[in-house]
There are 2 protein chains.
Amino acid sequence: MSASTQAVGNATRSLRLTRARRTALLKALADPHRFELLERIAKAGCPLGCAEARKALPISAATLSHHVKELEAAGLIEIRREGKFHYLSLRPGVLEALAALLAALAPSACPRG
Amino acid sequence: MSASTQAVGNATRSLRLTRARRTALLKALADPHRFELLERIAKAGCPLGCAEARKALPISAATLSHHVKELEAAGLIEIRREGKFHYLSLRPGVLEALAALLAALAPSACPRG
DNA sequence: TAATCAATTCGATAGTTATCGAAATGTCGA
DNA sequence: TCGACATTTCGATAACTATCGAATTGATTA
């Protein structure tokens with residue numbers, strides 16, 4: 001709730017991630033079904049209907065709803081509600097920011113550590 | 001055990017991550033204390049002693065040992081055992097590979113999703 | 001050998017969460 | 001309004017795991 005409510009800011013210039021937000025993102029990504037769901041959304045190019053998502057994962061509707069909520073809470077996706085249907089899309093910049101954060105940790109190599 | 005035993009390969013050219021390994025990495029990173037530990041190791045430049053690590057985190061020795069084992073099992077760090085002391089260092093290429101994987105999911109933007 | 005220190009293992013506990021079926025809510029068409 | 005359908009909420013359960021203190025293992029030094 002907090003993460004998605006909080007203004008996430010722009011997309012183009014690697015947004016800052018607080019410790020809490022970084023942890024929330026990693027936890028959201030650390031579940032296999034959730035990651036696969038996110039992959040589907042990403043690869044779809046355009047917003048994915050829940051029915052499509054449902055077909056791709058071997059889980060119940062209740063569980064899918066739970067995961068969608070988690071992804072939204074982490075600020076990874078946006079949900080466009082159109083009557084009966086909900087459409088899922090990636091929130092731009094977030095994955096990039098996390099990737100940048102991880103890459104920035106990479107070592108410059110210590111000769112014979 | 002499996003992830004660290006399994007040959008992880010080189011560092012320079014983004015190694016392949018299986019689904020299972022990807023999940024293991026994300027789970028390892030998703031714990032705040034563990035992430036902070038990894039950050040310390042990364043920023044240390046050269047192998048970090050456990051005592052140093054211990055000072056940086058508000059956890060018991062037993063818990064630290066547990067986290068170190070998890071990081072090693074995920075293949076994120078290497079442990080050089082030198083008598084009584086253990087020294088921790090980043091395994092090169094792993095964070096980069098994960099970062100690349102995440103960045104690759106980023107959307108090319110769908111006009112008016 | 002005995003004492004000391006680093007690190008691990010053990011056993012237990014508390015908190016978290018993925019999962020489901022069933023019930024509820026909300027939307028649309030007949 | 002009624003029924004069909006999409007999604008969510010509820011309540012319960014099972015599995016996982018972060019955490020600790022205590023006991024253990026292993027290495028160094030007196």
# chains A, B, ... in the order shown; residues from 1 in each chain; ligands from 1
$ interface_residues --of "chain D" --to "chain A" --cutoff "8 Å" --atoms "only C-alpha atoms (C1' of nucleotides)" --output "list in words"
DA6, DT7 and DT8 of chain D
$ residues_around --residues "stretch 31-35 of chain B" --least-positions-apart "2" --cutoff "10 Å" --atoms "only C-alpha atoms (C1' of nucleotides)" --output "list of chain:residue names"
A:Arg19, A:Ala20, A:Arg22, A:Thr23, A:Ala24, A:Leu26, A:Lys27, B:Leu26, B:Lys27, B:Ala28, B:Leu29, B:Leu37, B:Leu38, B:Glu39, B:Arg40, B:Ile41, B:Ala56, B:Leu57, B:Pro58, B:Ile59, B:Thr63, B:Leu64, B:His66, B:His67, B:Val68, B:Glu70, B:Leu71, D:DA18
$ interface_residues --of "chain B" --to "chain A" --cutoff "8 Å" --atoms "only C-alpha atoms" --output "ChimeraX atom specification"
/B:19,23-24,26-27,29-32,39,42-43,45-47,89-90,92-93,95-96,98-100,102-103,105-110,113
$ write_last_selection --atoms "N, CA and C atoms" --output "tab-separated table (two decimals), in the first residue's frame"
chain	number	residue	atom	x	y	z
B	19	ARG	N	15.93	-20.37	-13.70
B	19	ARG	CA	14.84	-19.88	-12.86
B	19	ARG	C	15.15	-20.13	-11.39
B	23	THR	N	15.72	-17.29	-8.47
B	23	THR	CA	14.90	-17.22	-7.25
B	23	THR	C	15.77	-17.28	-6.01
B	24	ALA	N	16.76	-18.15	-6.03
B	24	ALA	CA	17.65	-18.27	-4.88
B	24	ALA	C	18.38	-16.97	-4.61
B	26	LEU	N	17.41	-13.91	-5.48
B	26	LEU	CA	16.48	-12.88	-5.01
B	26	LEU	C	16.10	-13.12	-3.56
B	27	LYS	N	15.90	-14.38	-3.20
B	27	LYS	CA	15.56	-14.67	-1.81
B	27	LYS	C	16.71	-14.31	-0.88
B	29	LEU	N	18.84	-12.00	-1.31
B	29	LEU	CA	18.96	-10.55	-1.23
B	29	LEU	C	17.78	-9.90	-0.51
B	30	ALA	N	16.71	-10.64	-0.37
B	30	ALA	CA	15.47	-10.03	0.12
B	30	ALA	C	15.44	-9.84	1.63
B	31	ASP	N	16.42	-10.37	2.32
B	31	ASP	CA	16.48	-10.13	3.77
B	31	ASP	C	17.35	-8.90	4.04
B	32	PRO	N	16.84	-7.95	4.79
B	32	PRO	CA	17.54	-6.67	5.00
B	32	PRO	C	18.93	-6.85	5.61
B	39	GLU	N	26.34	-5.65	1.21
B	39	GLU	CA	26.82	-4.30	0.92
B	39	GLU	C	28.17	-4.04	1.58
B	42	ALA	N	30.81	-5.85	-0.24
B	42	ALA	CA	31.09	-5.21	-1.52
B	42	ALA	C	31.92	-3.95	-1.33
B	43	LYS	N	31.52	-3.15	-0.36
B	43	LYS	CA	32.18	-1.86	-0.17
B	43	LYS	C	33.57	-2.02	0.44
B	45	GLY	N	35.87	-3.78	-0.55
B	45	GLY	CA	36.89	-3.87	-1.58
B	45	GLY	C	37.68	-5.15	-1.47
B	46	CYS	N	38.23	-5.40	-0.31
B	46	CYS	CA	38.94	-6.66	-0.09
B	46	CYS	C	38.22	-7.47	0.98
B	47	PRO	N	38.51	-8.77	1.02
B	47	PRO	CA	37.76	-9.70	1.88
B	47	PRO	C	37.53	-9.18	3.29
B	89	SER	N	34.11	-12.53	0.54
B	89	SER	CA	34.24	-11.64	-0.61
B	89	SER	C	33.15	-11.95	-1.63
B	90	LEU	N	32.83	-10.96	-2.44
B	90	LEU	CA	31.82	-11.13	-3.48
B	90	LEU	C	32.32	-12.08	-4.53
B	92	PRO	N	32.46	-12.65	-8.20
B	92	PRO	CA	32.29	-11.70	-9.30
B	92	PRO	C	31.31	-12.19	-10.36
B	93	GLY	N	30.58	-11.28	-10.92
B	93	GLY	CA	29.70	-11.59	-12.04
B	93	GLY	C	28.27	-11.90	-11.66
B	95	LEU	N	26.11	-10.62	-9.21
B	95	LEU	CA	25.23	-9.46	-9.09
B	95	LEU	C	25.00	-8.82	-10.46
B	96	GLU	N	26.06	-8.77	-11.24
B	96	GLU	CA	25.93	-8.20	-12.57
B	96	GLU	C	24.92	-8.98	-13.41
B	98	LEU	N	22.42	-10.81	-12.38
B	98	LEU	CA	21.06	-10.57	-11.90
B	98	LEU	C	20.58	-9.19	-12.33
B	99	ALA	N	21.45	-8.21	-12.21
B	99	ALA	CA	21.09	-6.85	-12.63
B	99	ALA	C	20.73	-6.83	-14.11
B	100	ALA	N	21.51	-7.53	-14.90
B	100	ALA	CA	21.25	-7.56	-16.34
B	100	ALA	C	19.90	-8.21	-16.62
B	102	LEU	N	17.28	-8.34	-14.67
B	102	LEU	CA	16.19	-7.43	-14.30
B	102	LEU	C	16.05	-6.30	-15.31
B	103	ALA	N	17.19	-5.75	-15.71
B	103	ALA	CA	17.14	-4.64	-16.66
B	103	ALA	C	16.52	-5.08	-17.98
B	105	LEU	N	14.13	-6.98	-18.43
B	105	LEU	CA	12.67	-7.05	-18.35
B	105	LEU	C	12.01	-5.70	-18.61
B	106	ALA	N	12.81	-4.65	-18.49
B	106	ALA	CA	12.26	-3.31	-18.58
B	106	ALA	C	11.49	-3.12	-19.88
B	107	PRO	N	10.41	-2.39	-19.79
B	107	PRO	CA	9.51	-2.21	-20.93
B	107	PRO	C	10.04	-1.18	-21.91
B	108	SER	N	9.68	-1.34	-23.15
B	108	SER	CA	10.08	-0.36	-24.16
B	108	SER	C	8.99	0.71	-24.27
B	109	ALA	N	8.05	0.67	-23.38
B	109	ALA	CA	6.97	1.65	-23.32
B	109	ALA	C	5.89	1.44	-24.38
B	110	CYS	N	4.69	1.24	-23.91
B	110	CYS	CA	3.54	1.07	-24.80
B	110	CYS	C	2.78	2.38	-24.81
B	113	GLY	N	-0.76	2.89	-22.59
B	113	GLY	CA	-1.12	1.54	-22.16
B	113	GLY	C	-2.55	1.50	-21.68
$ interface_residues --of "chain C" --to "chain B" --cutoff "10 Å" --atoms "only C-alpha atoms (C1' of nucleotides)" --output "compact mmCIF listing (two decimals) with N, CA and C atoms (P, O5', C5', C4', C3', O3' and C1' of nucleotides), in the first residue's frame"
# COMPACT_ATOMS: atom_id res chain seq x y z
P DC C 5 39.46 -14.79 25.31
O5' DC C 5 39.17 -14.65 23.75
C5' DC C 5 40.25 -14.76 22.82
C4' DC C 5 39.79 -15.44 21.55
C3' DC C 5 38.41 -14.95 21.06
O3' DC C 5 38.55 -14.46 19.74
C1' DC C 5 38.57 -17.31 20.99
P DA C 6 37.26 -13.83 18.99
O5' DA C 6 37.02 -14.87 17.81
C5' DA C 6 38.10 -15.21 16.96
C4' DA C 6 37.62 -16.15 15.87
C3' DA C 6 36.32 -15.71 15.20
O3' DA C 6 36.43 -15.94 13.80
C1' DA C 6 36.02 -17.84 16.22
P DA C 7 35.27 -15.42 12.83
O5' DA C 7 34.33 -16.69 12.74
C5' DA C 7 34.86 -17.88 12.15
C4' DA C 7 33.94 -19.03 12.42
C3' DA C 7 32.50 -18.85 11.95
O3' DA C 7 32.31 -19.68 10.81
C1' DA C 7 32.64 -19.92 14.07
P DT C 8 30.84 -19.92 10.22
O5' DT C 8 30.34 -21.20 11.02
C5' DT C 8 31.12 -22.39 10.95
C4' DT C 8 30.43 -23.50 11.72
C3' DT C 8 29.01 -23.79 11.23
O3' DT C 8 28.94 -25.17 10.93
C1' DT C 8 29.05 -23.51 13.58
P DT C 9 27.62 -25.80 10.29
O5' DT C 9 26.91 -26.45 11.57
C5' DT C 9 27.64 -27.35 12.39
C4' DT C 9 26.79 -27.76 13.57
C3' DT C 9 25.35 -28.14 13.22
O3' DT C 9 25.04 -29.34 13.92
C1' DT C 9 25.35 -26.51 14.91
$ calpha_fit_and_write --fixed "chain A" --moving "chain B" --output "compact mmCIF listing (two decimals) with N, CA and C atoms, in the first residue's frame"
# COMPACT_ATOMS: atom_id res chain seq x y z
N MET B 1 0.56 -0.91 -0.21
CA MET B 1 -0.19 0.34 -0.29
C MET B 1 0.73 1.55 -0.27
N SER B 2 1.61 1.61 0.70
CA SER B 2 2.46 2.78 0.85
C SER B 2 3.33 3.00 -0.38
N ALA B 3 3.94 1.95 -0.84
CA ALA B 3 4.90 2.11 -1.94
C ALA B 3 4.23 2.58 -3.22
N SER B 4 3.04 2.08 -3.47
CA SER B 4 2.39 2.46 -4.71
C SER B 4 1.71 3.82 -4.59
N THR B 5 1.28 4.16 -3.39
CA THR B 5 0.66 5.45 -3.17
C THR B 5 1.71 6.55 -3.27
N GLN B 6 2.83 6.29 -2.59
CA GLN B 6 3.91 7.25 -2.60
C GLN B 6 4.32 7.56 -4.04
N ALA B 7 4.47 8.82 -4.33
CA ALA B 7 4.88 9.20 -5.69
C ALA B 7 6.22 8.56 -5.99
N VAL B 8 6.26 7.83 -7.07
CA VAL B 8 7.46 7.09 -7.40
C VAL B 8 8.39 7.92 -8.27
N GLY B 9 7.86 8.95 -8.82
CA GLY B 9 8.71 9.86 -9.58
C GLY B 9 8.87 9.46 -11.02
N ASN B 10 9.92 9.91 -11.63
CA ASN B 10 10.07 9.73 -13.07
C ASN B 10 10.58 8.36 -13.43
N ALA B 11 10.96 8.20 -14.66
CA ALA B 11 11.39 6.89 -15.11
C ALA B 11 12.79 6.94 -15.68
N THR B 12 13.09 8.02 -16.34
CA THR B 12 14.32 8.05 -17.13
C THR B 12 15.58 8.07 -16.27
N ARG B 13 15.53 8.81 -15.17
CA ARG B 13 16.75 8.96 -14.37
C ARG B 13 16.66 8.18 -13.08
N SER B 14 17.19 6.97 -13.06
CA SER B 14 17.31 6.07 -11.92
C SER B 14 16.83 6.65 -10.58
N LEU B 15 15.60 6.37 -10.22
CA LEU B 15 15.05 6.93 -9.00
C LEU B 15 15.72 6.35 -7.76
N ARG B 16 15.69 7.09 -6.68
CA ARG B 16 16.32 6.67 -5.44
C ARG B 16 15.50 5.59 -4.75
N LEU B 17 16.17 4.61 -4.23
CA LEU B 17 15.48 3.55 -3.49
C LEU B 17 15.92 3.55 -2.04
N THR B 18 14.98 3.74 -1.15
CA THR B 18 15.32 3.63 0.26
C THR B 18 15.56 2.17 0.60
N ARG B 19 16.15 1.95 1.76
CA ARG B 19 16.38 0.57 2.21
C ARG B 19 15.08 -0.20 2.24
N ALA B 20 14.06 0.41 2.82
CA ALA B 20 12.78 -0.29 2.97
C ALA B 20 12.18 -0.65 1.62
N ARG B 21 12.28 0.28 0.70
CA ARG B 21 11.70 0.04 -0.62
C ARG B 21 12.48 -1.03 -1.38
N ARG B 22 13.76 -0.96 -1.25
CA ARG B 22 14.64 -1.96 -1.87
C ARG B 22 14.27 -3.36 -1.36
N THR B 23 14.09 -3.47 -0.06
CA THR B 23 13.71 -4.77 0.51
C THR B 23 12.35 -5.21 0.01
N ALA B 24 11.42 -4.28 -0.06
CA ALA B 24 10.08 -4.61 -0.54
C ALA B 24 10.13 -5.13 -1.97
N LEU B 25 10.93 -4.48 -2.79
CA LEU B 25 11.06 -4.91 -4.18
C LEU B 25 11.65 -6.31 -4.27
N LEU B 26 12.71 -6.53 -3.53
CA LEU B 26 13.37 -7.83 -3.60
C LEU B 26 12.45 -8.93 -3.09
N LYS B 27 11.70 -8.63 -2.03
CA LYS B 27 10.79 -9.65 -1.52
C LYS B 27 9.69 -9.95 -2.53
N ALA B 28 9.23 -8.91 -3.19
CA ALA B 28 8.19 -9.11 -4.19
C ALA B 28 8.69 -9.98 -5.34
N LEU B 29 9.95 -9.80 -5.69
CA LEU B 29 10.52 -10.54 -6.82
C LEU B 29 10.95 -11.95 -6.43
N ALA B 30 11.08 -12.19 -5.14
CA ALA B 30 11.70 -13.44 -4.69
C ALA B 30 10.75 -14.63 -4.74
N ASP B 31 9.49 -14.38 -5.01
CA ASP B 31 8.57 -15.51 -5.16
C ASP B 31 8.50 -15.92 -6.64
N PRO B 32 8.70 -17.19 -6.93
CA PRO B 32 8.78 -17.65 -8.32
C PRO B 32 7.53 -17.34 -9.13
N HIS B 33 6.36 -17.60 -8.56
CA HIS B 33 5.14 -17.32 -9.31
C HIS B 33 5.00 -15.84 -9.59
N ARG B 34 5.36 -15.05 -8.59
CA ARG B 34 5.23 -13.61 -8.75
C ARG B 34 6.20 -13.11 -9.82
N PHE B 35 7.41 -13.66 -9.81
CA PHE B 35 8.37 -13.24 -10.82
C PHE B 35 7.88 -13.60 -12.21
N GLU B 36 7.35 -14.79 -12.31
CA GLU B 36 6.87 -15.24 -13.62
C GLU B 36 5.72 -14.36 -14.08
N LEU B 37 4.87 -14.00 -13.16
CA LEU B 37 3.78 -13.09 -13.48
C LEU B 37 4.32 -11.76 -14.02
N LEU B 38 5.31 -11.25 -13.32
CA LEU B 38 5.91 -10.00 -13.75
C LEU B 38 6.55 -10.13 -15.12
N GLU B 39 7.19 -11.26 -15.35
CA GLU B 39 7.78 -11.51 -16.67
C GLU B 39 6.72 -11.47 -17.76
N ARG B 40 5.60 -12.09 -17.47
CA ARG B 40 4.50 -12.10 -18.44
C ARG B 40 4.03 -10.69 -18.74
N ILE B 41 3.86 -9.93 -17.70
CA ILE B 41 3.42 -8.55 -17.87
C ILE B 41 4.44 -7.78 -18.70
N ALA B 42 5.71 -7.98 -18.38
CA ALA B 42 6.76 -7.26 -19.09
C ALA B 42 6.78 -7.64 -20.57
N LYS B 43 6.70 -8.94 -20.82
CA LYS B 43 6.82 -9.41 -22.19
C LYS B 43 5.59 -9.11 -23.02
N ALA B 44 4.48 -8.85 -22.33
CA ALA B 44 3.24 -8.60 -23.06
C ALA B 44 3.31 -7.28 -23.83
N GLY B 45 4.20 -6.40 -23.40
CA GLY B 45 4.33 -5.13 -24.10
C GLY B 45 3.22 -4.18 -23.72
N CYS B 46 1.99 -4.62 -23.87
CA CYS B 46 0.86 -3.80 -23.46
C CYS B 46 0.12 -4.49 -22.32
N PRO B 47 -0.68 -3.72 -21.59
CA PRO B 47 -1.32 -4.22 -20.36
C PRO B 47 -1.94 -5.61 -20.51
N LEU B 48 -1.69 -6.41 -19.53
CA LEU B 48 -2.11 -7.81 -19.54
C LEU B 48 -3.39 -7.98 -18.74
N GLY B 49 -4.36 -8.67 -19.33
CA GLY B 49 -5.57 -8.98 -18.58
C GLY B 49 -5.32 -10.08 -17.58
N CYS B 50 -6.12 -10.11 -16.53
CA CYS B 50 -5.94 -11.10 -15.48
C CYS B 50 -6.19 -12.51 -16.01
N ALA B 51 -7.10 -12.61 -16.95
CA ALA B 51 -7.40 -13.93 -17.51
C ALA B 51 -6.16 -14.51 -18.16
N GLU B 52 -5.45 -13.67 -18.92
CA GLU B 52 -4.20 -14.09 -19.54
C GLU B 52 -3.22 -14.55 -18.47
N ALA B 53 -3.08 -13.71 -17.48
CA ALA B 53 -2.16 -14.02 -16.39
C ALA B 53 -2.53 -15.35 -15.76
N ARG B 54 -3.80 -15.52 -15.55
CA ARG B 54 -4.32 -16.72 -14.92
C ARG B 54 -3.94 -17.97 -15.71
N LYS B 55 -4.05 -17.86 -17.01
CA LYS B 55 -3.74 -19.01 -17.86
C LYS B 55 -2.27 -19.39 -17.77
N ALA B 56 -1.45 -18.40 -17.47
CA ALA B 56 0.00 -18.63 -17.49
C ALA B 56 0.50 -19.27 -16.20
N LEU B 57 -0.29 -19.20 -15.16
CA LEU B 57 0.19 -19.68 -13.87
C LEU B 57 -0.73 -20.75 -13.29
N PRO B 58 -0.13 -21.76 -12.65
CA PRO B 58 -0.91 -22.87 -12.09
C PRO B 58 -1.40 -22.55 -10.68
N ILE B 59 -2.12 -21.44 -10.54
CA ILE B 59 -2.58 -21.05 -9.21
C ILE B 59 -4.04 -20.62 -9.28
N SER B 60 -4.68 -20.57 -8.14
CA SER B 60 -6.09 -20.20 -8.08
C SER B 60 -6.26 -18.70 -8.27
N ALA B 61 -7.49 -18.28 -8.53
CA ALA B 61 -7.77 -16.86 -8.68
C ALA B 61 -7.44 -16.10 -7.40
N ALA B 62 -7.75 -16.71 -6.28
CA ALA B 62 -7.47 -16.05 -5.00
C ALA B 62 -5.98 -15.78 -4.84
N THR B 63 -5.19 -16.77 -5.19
CA THR B 63 -3.74 -16.61 -5.05
C THR B 63 -3.21 -15.60 -6.05
N LEU B 64 -3.72 -15.62 -7.25
CA LEU B 64 -3.31 -14.63 -8.24
C LEU B 64 -3.60 -13.22 -7.73
N SER B 65 -4.78 -13.06 -7.19
CA SER B 65 -5.16 -11.75 -6.66
C SER B 65 -4.18 -11.30 -5.58
N HIS B 66 -3.80 -12.25 -4.74
CA HIS B 66 -2.83 -11.94 -3.69
C HIS B 66 -1.51 -11.47 -4.29
N HIS B 67 -1.03 -12.16 -5.28
CA HIS B 67 0.26 -11.80 -5.88
C HIS B 67 0.19 -10.46 -6.60
N VAL B 68 -0.92 -10.24 -7.28
CA VAL B 68 -1.09 -8.95 -7.96
C VAL B 68 -1.03 -7.82 -6.94
N LYS B 69 -1.67 -8.04 -5.83
CA LYS B 69 -1.66 -7.01 -4.79
C LYS B 69 -0.25 -6.76 -4.27
N GLU B 70 0.50 -7.83 -4.11
CA GLU B 70 1.87 -7.69 -3.63
C GLU B 70 2.72 -6.91 -4.62
N LEU B 71 2.58 -7.22 -5.89
CA LEU B 71 3.36 -6.53 -6.91
C LEU B 71 3.00 -5.05 -6.94
N GLU B 72 1.73 -4.78 -6.76
CA GLU B 72 1.30 -3.39 -6.75
C GLU B 72 1.83 -2.67 -5.51
N ALA B 73 1.73 -3.34 -4.38
CA ALA B 73 2.19 -2.74 -3.13
C ALA B 73 3.67 -2.42 -3.18
N ALA B 74 4.41 -3.25 -3.87
CA ALA B 74 5.85 -3.01 -4.00
C ALA B 74 6.14 -1.91 -5.00
N GLY B 75 5.14 -1.50 -5.74
CA GLY B 75 5.32 -0.43 -6.71
C GLY B 75 5.85 -0.92 -8.04
N LEU B 76 5.79 -2.23 -8.25
CA LEU B 76 6.33 -2.78 -9.49
C LEU B 76 5.35 -2.69 -10.64
N ILE B 77 4.07 -2.73 -10.35
CA ILE B 77 3.09 -2.68 -11.43
C ILE B 77 1.99 -1.67 -11.13
N GLU B 78 1.27 -1.35 -12.19
CA GLU B 78 0.09 -0.51 -12.09
C GLU B 78 -1.11 -1.33 -12.53
N ILE B 79 -2.26 -1.03 -11.96
CA ILE B 79 -3.47 -1.74 -12.34
C ILE B 79 -4.47 -0.74 -12.89
N ARG B 80 -4.87 -0.96 -14.12
CA ARG B 80 -5.92 -0.11 -14.69
C ARG B 80 -7.21 -0.90 -14.59
N ARG B 81 -8.16 -0.38 -13.83
CA ARG B 81 -9.41 -1.09 -13.60
C ARG B 81 -10.44 -0.60 -14.59
N GLU B 82 -10.93 -1.51 -15.37
CA GLU B 82 -11.87 -1.14 -16.41
C GLU B 82 -13.08 -2.04 -16.23
N GLY B 83 -14.04 -1.52 -15.48
CA GLY B 83 -15.23 -2.32 -15.20
C GLY B 83 -14.86 -3.61 -14.52
N LYS B 84 -15.29 -4.67 -15.13
CA LYS B 84 -15.09 -6.00 -14.56
C LYS B 84 -13.64 -6.45 -14.63
N PHE B 85 -12.92 -5.88 -15.58
CA PHE B 85 -11.58 -6.39 -15.84
C PHE B 85 -10.49 -5.49 -15.27
N HIS B 86 -9.36 -6.10 -14.95
CA HIS B 86 -8.20 -5.35 -14.48
C HIS B 86 -7.04 -5.64 -15.42
N TYR B 87 -6.32 -4.57 -15.76
CA TYR B 87 -5.19 -4.73 -16.67
C TYR B 87 -3.91 -4.34 -15.97
N LEU B 88 -2.91 -5.18 -16.14
CA LEU B 88 -1.65 -5.01 -15.42
C LEU B 88 -0.54 -4.53 -16.35
N SER B 89 0.21 -3.57 -15.86
CA SER B 89 1.37 -3.13 -16.64
C SER B 89 2.52 -2.77 -15.70
N LEU B 90 3.73 -2.84 -16.23
CA LEU B 90 4.92 -2.49 -15.45
C LEU B 90 4.92 -1.01 -15.16
N ARG B 91 5.38 -0.68 -13.99
CA ARG B 91 5.62 0.70 -13.65
C ARG B 91 7.02 1.04 -14.14
N PRO B 92 7.13 1.97 -15.03
CA PRO B 92 8.45 2.19 -15.64
C PRO B 92 9.47 2.72 -14.66
N GLY B 93 10.69 2.32 -14.82
CA GLY B 93 11.80 2.86 -14.03
C GLY B 93 12.14 2.06 -12.80
N VAL B 94 11.21 1.30 -12.29
CA VAL B 94 11.44 0.63 -11.02
C VAL B 94 12.45 -0.51 -11.15
N LEU B 95 12.21 -1.38 -12.10
CA LEU B 95 13.16 -2.47 -12.32
C LEU B 95 14.53 -1.93 -12.68
N GLU B 96 14.53 -0.89 -13.49
CA GLU B 96 15.80 -0.29 -13.87
C GLU B 96 16.56 0.22 -12.65
N ALA B 97 15.81 0.86 -11.76
CA ALA B 97 16.45 1.41 -10.56
C ALA B 97 17.05 0.30 -9.71
N LEU B 98 16.31 -0.77 -9.55
CA LEU B 98 16.82 -1.89 -8.75
C LEU B 98 18.04 -2.51 -9.42
N ALA B 99 17.95 -2.68 -10.73
CA ALA B 99 19.08 -3.25 -11.47
C ALA B 99 20.32 -2.37 -11.30
N ALA B 100 20.11 -1.07 -11.38
CA ALA B 100 21.24 -0.15 -11.24
C ALA B 100 21.85 -0.26 -9.85
N LEU B 101 20.97 -0.38 -8.86
CA LEU B 101 21.44 -0.50 -7.47
C LEU B 101 22.30 -1.75 -7.29
N LEU B 102 21.83 -2.84 -7.85
CA LEU B 102 22.59 -4.10 -7.72
C LEU B 102 23.91 -4.02 -8.47
N ALA B 103 23.84 -3.46 -9.68
CA ALA B 103 25.06 -3.37 -10.49
C ALA B 103 26.10 -2.49 -9.80
N ALA B 104 25.60 -1.49 -9.06
CA ALA B 104 26.52 -0.57 -8.40
C ALA B 104 27.30 -1.24 -7.27
N LEU B 105 26.80 -2.36 -6.80
CA LEU B 105 27.49 -3.07 -5.73
C LEU B 105 28.67 -3.89 -6.25
N ALA B 106 28.65 -4.12 -7.55
CA ALA B 106 29.65 -5.00 -8.14
C ALA B 106 31.06 -4.54 -7.80
N PRO B 107 31.92 -5.49 -7.56
CA PRO B 107 33.29 -5.19 -7.11
C PRO B 107 34.17 -4.77 -8.27
N SER B 108 35.15 -3.97 -7.96
CA SER B 108 36.11 -3.56 -8.99
C SER B 108 37.28 -4.54 -9.01
N ALA B 109 37.15 -5.61 -8.28
CA ALA B 109 38.15 -6.67 -8.23
C ALA B 109 39.37 -6.31 -7.37
N CYS B 110 39.59 -7.12 -6.37
CA CYS B 110 40.74 -6.94 -5.49
C CYS B 110 41.78 -7.97 -5.90
N PRO B 111 42.93 -7.51 -6.37
CA PRO B 111 43.96 -8.45 -6.85
C PRO B 111 44.36 -9.42 -5.75
N ARG B 112 44.11 -10.68 -6.00
CA ARG B 112 44.40 -11.76 -5.04
C ARG B 112 43.75 -11.47 -3.68
N GLY B 113 42.38 -11.51 -3.70
CA GLY B 113 41.63 -11.30 -2.46
C GLY B 113 42.04 -12.31 -1.41
$ select_by_dssp --residues "chain A" --states "strand (DSSP E or B)" --output "VMD selection string"
chain A and resid 48 to 49 77 to 82 85 to 90
$ write_last_selection --atoms "C-alpha atoms" --output "PDB file, in the first residue's frame"
ATOM      1  CA  LEU A  48      -2.114  -7.839 -19.596  1.00  0.00           C
ATOM      2  CA  GLY A  49      -5.581  -8.994 -18.632  1.00  0.00           C
ATOM      3  CA  ILE A  77       3.072  -2.672 -11.500  1.00  0.00           C
ATOM      4  CA  GLU A  78       0.098  -0.488 -12.177  1.00  0.00           C
ATOM      5  CA  ILE A  79      -3.464  -1.716 -12.430  1.00  0.00           C
ATOM      6  CA  ARG A  80      -5.893  -0.115 -14.801  1.00  0.00           C
ATOM      7  CA  ARG A  81      -9.397  -1.074 -13.708  1.00  0.00           C
ATOM      8  CA  GLU A  82     -11.848  -1.145 -16.539  1.00  0.00           C
ATOM      9  CA  PHE A  85     -11.527  -6.379 -15.948  1.00  0.00           C
ATOM     10  CA  HIS A  86      -8.193  -5.325 -14.588  1.00  0.00           C
ATOM     11  CA  TYR A  87      -5.168  -4.717 -16.760  1.00  0.00           C
ATOM     12  CA  LEU A  88      -1.640  -5.012 -15.483  1.00  0.00           C
ATOM     13  CA  SER A  89       1.407  -3.142 -16.702  1.00  0.00           C
ATOM     14  CA  LEU A  90       4.931  -2.508 -15.520  1.00  0.00           C
TER      15      LEU A  90
END
